[in-house]
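Q: This is the structure, below, for whatever I ask next.
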Amino acid sequence: MIVMARRSRRRPLAPIAALVCAIGMAGGVFVGAGALLSTPAVAPHHADAVVVLGGDPTVGGRYSLGVELVTAGYARRLVLVLPSAAQIADAAKRSIGVDALDDPAITGSWGEAVAVHAYLRAHGLQSALVVSDPPHMLRLQYAWGANFRGSPERFSLVATSPAWWSAWRWWQSPQGAAFVQNEVPKLLGYIWHYGLGLPPVRIGAAGVPLGSTEKSVALVLHLETL
């Protein structure tokens with residue numbers, strides 16, 4: 001009597017396992033994007049200057065934290081990059097001395113790094129606390145690290161604490177989600193252009209060419225306030 005072996009109809013598990021792993025990794029990257037972007041921020045410490053980056057024209061947020069740091073004695077000098085009239089007026093009202101870097105030629109986080117580095121050198125300053133929002137930190141670390149590399153001047157990134165930001169639940173806030181969705185392509189654009197030396201890819205949300213490296217590889221609409 002001859003017994004015919006039945007062919008196994010079980011599908012190989014390897015492709016399924018690979019798919020599950022890929023989905024898990026993608027989910028992990030999505031969930032952890034906010035934490036990764038905000039990682040370079042450190043606690044404030046004493047420095048020669050507090051630098052508040054542009055992009056937030058209000059007297060709250062970045063500016064408010066900068067004032068708090070100077071008032072608390074972390075630095076004696078407050079530097080505002082592309083400040084608003086409201087910020088200059090508020091600083092005068094508080095009798096806080098301010099140095100304003102208001103050259104309109106300063107564009108983007110890379111341009112701010114270049115301008116502030118030159119300012120520090122011109123004034124004989126060695127260190128700065130750089131204030132911005134949490135999801136901005138990783139791109140700042142890349143841009144400022146590249147511009148300060150090999151020089152005696154140092155910088156540390158200090159993040160604000162906005163109500164709309166959660167590093168692990170960033171997608172639950174419209175403003176937090178918009179920030180992350182803009183930061184990721186801009187960081188890739190910086191690496192592409194400044195890191196690899198390749199010409200910027202200027203593709204807007206609708207395929208419209210964009211006008212500056214700061215907006216390069218912007219796969220979603222760019223918000224200048226970021």
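Here's how to read the names in the structure tokens: chain A, B, ... by the order shown, residue numbers from 1 in each chain, ligand numbers from 1 in the order shown.
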Write out as a list of chain:residue names each polymer residue whose atoms come within 9 Å of Asn147 in chain A, counting only C-alpha atoms; drop sequence neighbours fewer than 3 positions from it.

A: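 Non-adjacent residues within range: A:Trp110, A:Ala113, A:Val114, A:His117, A:Tyr142, A:Ala143, A:Trp144, A:Gly150, A:Ser151.
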
Q: Restricting the output to C-alpha atoms, write the selected residues as a PDB file, in the first residue's frame.

A:
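Output saved as out-v4.pdb:
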ATOM      1  CA  TRP A 110      21.557  77.644   8.949  1.00  0.00           C
ATOM      2  CA  ALA A 113      23.911  79.776  13.001  1.00  0.00           C
ATOM      3  CA  VAL A 114      26.261  81.665  10.674  1.00  0.00           C
ATOM      4  CA  HIS A 117      28.683  82.535  15.296  1.00  0.00           C
ATOM      5  CA  TYR A 142      22.983  69.626  12.809  1.00  0.00           C
ATOM      6  CA  ALA A 143      23.205  73.194  11.472  1.00  0.00           C
ATOM      7  CA  TRP A 144      24.919  74.802  14.453  1.00  0.00           C
ATOM      8  CA  GLY A 150      36.540  73.245  15.144  1.00  0.00           C
ATOM      9  CA  SER A 151      36.018  76.679  16.695  1.00  0.00           C
TER      10      SER A 151
END

Q: Which parts of range 29-198 of chain A does DSSP call strand (DSSP E or B) when run on the backbone here, written out as a PDB file with C-alpha atoms, in the first residue's frame?

A:
ATOM      1  CA  ALA A  49      24.801  85.001  26.032  1.00  0.00           C
ATOM      2  CA  VAL A  50      21.251  83.792  25.586  1.00  0.00           C
ATOM      3  CA  VAL A  51      20.218  83.708  21.932  1.00  0.00           C
ATOM      4  CA  VAL A  52      16.526  83.651  21.014  1.00  0.00           C
ATOM      5  CA  ARG A  77      23.489  89.307  27.421  1.00  0.00           C
ATOM      6  CA  LEU A  78      20.263  88.679  25.493  1.00  0.00           C
ATOM      7  CA  VAL A  79      20.531  88.342  21.726  1.00  0.00           C
ATOM      8  CA  LEU A  80      17.385  88.353  19.594  1.00  0.00           C
ATOM      9  CA  VAL A  81      17.541  87.073  16.028  1.00  0.00           C
ATOM     10  CA  VAL A  98      19.224  93.516  23.954  1.00  0.00           C
ATOM     11  CA  ASP A  99      21.442  92.994  20.947  1.00  0.00           C
ATOM     12  CA  ALA A 100      19.300  92.504  17.865  1.00  0.00           C
ATOM     13  CA  LEU A 101      20.515  90.630  14.808  1.00  0.00           C
ATOM     14  CA  SER A 127      29.358  80.350  24.749  1.00  0.00           C
ATOM     15  CA  ALA A 128      25.652  80.748  24.085  1.00  0.00           C
ATOM     16  CA  LEU A 129      22.364  79.217  25.140  1.00  0.00           C
ATOM     17  CA  VAL A 130      20.227  78.929  22.007  1.00  0.00           C
ATOM     18  CA  VAL A 131      16.480  79.010  22.599  1.00  0.00           C
ATOM     19  CA  SER A 132      13.900  77.477  20.288  1.00  0.00           C
ATOM     20  CA  ARG A 154      30.294  76.698  22.034  1.00  0.00           C
ATOM     21  CA  PHE A 155      26.520  76.513  22.059  1.00  0.00           C
ATOM     22  CA  SER A 156      23.860  74.598  23.959  1.00  0.00           C
ATOM     23  CA  LEU A 157      20.254  74.152  22.896  1.00  0.00           C
ATOM     24  CA  VAL A 158      17.509  75.006  25.376  1.00  0.00           C
ATOM     25  CA  ALA A 159      13.929  74.136  24.489  1.00  0.00           C
TER      26      ALA A 159
END

Q: What residues in range 12-208 of chain A get the DSSP label alpha helix (DSSP H)? Please answer as a PyMOL selection string.

A: chain A and resi 13-38+61-71+85-93+108-122+137-148+174-190

Q: At what distance in Å, to one decimal, does CA of Ala115 in chain A lie from CA of Gly197 in chain A?

A: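 Atom-to-atom, CA of Gly197 in chain A to CA of Ala115 in chain A, that is 20.6 Å.
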
Q: Leaving out Ile96 in chain A and any residue of its chain fewer than 4 positions from it, which residues lie within 10 Å of it when counting only C-alpha atoms, given as a PyMOL selection string?

A: chain A and resi 67+70-71+76-78+88+90-92

Q: Here is a test: counting only C-alpha atoms, which residue of A:Leu196, A:Thr107, A:Glu153, A:Tyr63 is nearest to His123 in chain A?

A: A:Glu153

Q: Excluding Pro104 in chain A and residues on its chain fewer than 6 positions from it, collect all residues at most 12 Å away from it, counting only C-alpha atoms, and give them as a list of chain:residue names.

A: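 What passes the distance filter is A:Gly54, A:Val81, A:Leu82, A:Pro83, A:Gly111, A:Glu112, A:Ala115.
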
Q: Leaving out Ser161 in chain A and any residue of its chain fewer than 2 positions from it, which residues lie within 8 Å of it when counting only C-alpha atoms, given as a PDB file with N, CA and C atoms, in the first residue's frame?

A:
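Output below, filename part-v9.pdb:
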ATOM      1  N   GLY A  61       6.550  82.351  24.539  1.00  0.00           N
ATOM      2  CA  GLY A  61       7.335  81.327  23.857  1.00  0.00           C
ATOM      3  C   GLY A  61       8.833  81.496  23.996  1.00  0.00           C
ATOM      4  N   ASP A 133      12.037  75.954  19.931  1.00  0.00           N
ATOM      5  CA  ASP A 133      11.003  75.004  20.324  1.00  0.00           C
ATOM      6  C   ASP A 133      11.506  73.564  20.230  1.00  0.00           C
ATOM      7  N   PRO A 134      10.928  72.645  21.003  1.00  0.00           N
ATOM      8  CA  PRO A 134      11.454  71.276  21.098  1.00  0.00           C
ATOM      9  C   PRO A 134      11.688  70.554  19.773  1.00  0.00           C
ATOM     10  N   ALA A 159      15.256  74.189  25.104  1.00  0.00           N
ATOM     11  CA  ALA A 159      13.929  74.136  24.489  1.00  0.00           C
ATOM     12  C   ALA A 159      12.871  74.818  25.348  1.00  0.00           C
ATOM     13  N   ALA A 163       2.568  74.386  25.468  1.00  0.00           N
ATOM     14  CA  ALA A 163       1.453  73.514  25.859  1.00  0.00           C
ATOM     15  C   ALA A 163       1.069  72.551  24.740  1.00  0.00           C
ATOM     16  N   TRP A 165       3.029  70.827  22.832  1.00  0.00           N
ATOM     17  CA  TRP A 165       4.035  69.839  22.482  1.00  0.00           C
ATOM     18  C   TRP A 165       4.083  68.667  23.451  1.00  0.00           C
TER      19      TRP A 165
END

Q: Taking only C-alpha atoms into account, name the residue in A:Gly55, A:Gly124, A:Pro135, A:Pro185 that is nearest to Trp170 in chain A.

A: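 The answer is A:Pro135, which sits nearest to Trp170 in chain A.
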
Q: Which value, in Å to one decimal, gives the distance between CA of His45 in chain A and CA of Tyr74 in chain A?

A: 6.0 Å

Q: Please indicate the distance in Å from CA of Leu65 in chain A to CA of Leu188 in chain A, rounded to one decimal place.

A: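 So the answer is 28.2 Å.
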
Q: Near Ser166 in chain A, within 12 Å and counting only C-alpha atoms, which residues show up once chain neighbours fewer than 3 positions away are dropped, as number ranges by chain?

A: A: 31-38, 133-135, 160-163, 169-177, 179-180

Q: Output C-alpha atoms for every residue in the selection just made, as an mmCIF file, in the first residue's frame.

A:
data_model
loop_
_atom_site.group_PDB
_atom_site.id
_atom_site.type_symbol
_atom_site.label_atom_id
_atom_site.label_comp_id
_atom_site.auth_asym_id
_atom_site.auth_seq_id
_atom_site.Cartn_x
_atom_site.Cartn_y
_atom_site.Cartn_z
ATOM 1 C CA VAL A 31 5.736 57.458 17.452
ATOM 2 C CA GLY A 32 9.346 58.284 18.322
ATOM 3 C CA ALA A 33 9.802 61.074 15.786
ATOM 4 C CA GLY A 34 8.952 63.786 18.285
ATOM 5 C CA ALA A 35 11.297 62.441 20.933
ATOM 6 C CA LEU A 36 14.108 62.109 18.394
ATOM 7 C CA LEU A 37 13.680 65.657 17.101
ATOM 8 C CA SER A 38 13.754 67.129 20.605
ATOM 9 C CA ASP A 133 11.003 75.004 20.324
ATOM 10 C CA PRO A 134 11.454 71.276 21.098
ATOM 11 C CA PRO A 135 10.977 69.744 17.629
ATOM 12 C CA THR A 160 10.744 75.959 25.366
ATOM 13 C CA SER A 161 7.861 74.099 27.012
ATOM 14 C CA PRO A 162 4.837 74.888 24.835
ATOM 15 C CA ALA A 163 1.453 73.514 25.859
ATOM 16 C CA ARG A 169 2.149 62.209 21.452
ATOM 17 C CA TRP A 170 3.072 64.958 19.018
ATOM 18 C CA TRP A 171 0.447 63.901 16.462
ATOM 19 C CA GLN A 172 -2.380 64.683 18.899
ATOM 20 C CA SER A 173 -1.711 68.425 18.606
ATOM 21 C CA PRO A 174 -2.317 70.145 15.251
ATOM 22 C CA GLN A 175 0.590 72.523 15.879
ATOM 23 C CA GLY A 176 2.875 69.749 17.057
ATOM 24 C CA ALA A 177 1.974 67.579 14.082
ATOM 25 C CA PHE A 179 5.930 71.174 13.232
ATOM 26 C CA VAL A 180 7.132 67.572 12.975
#
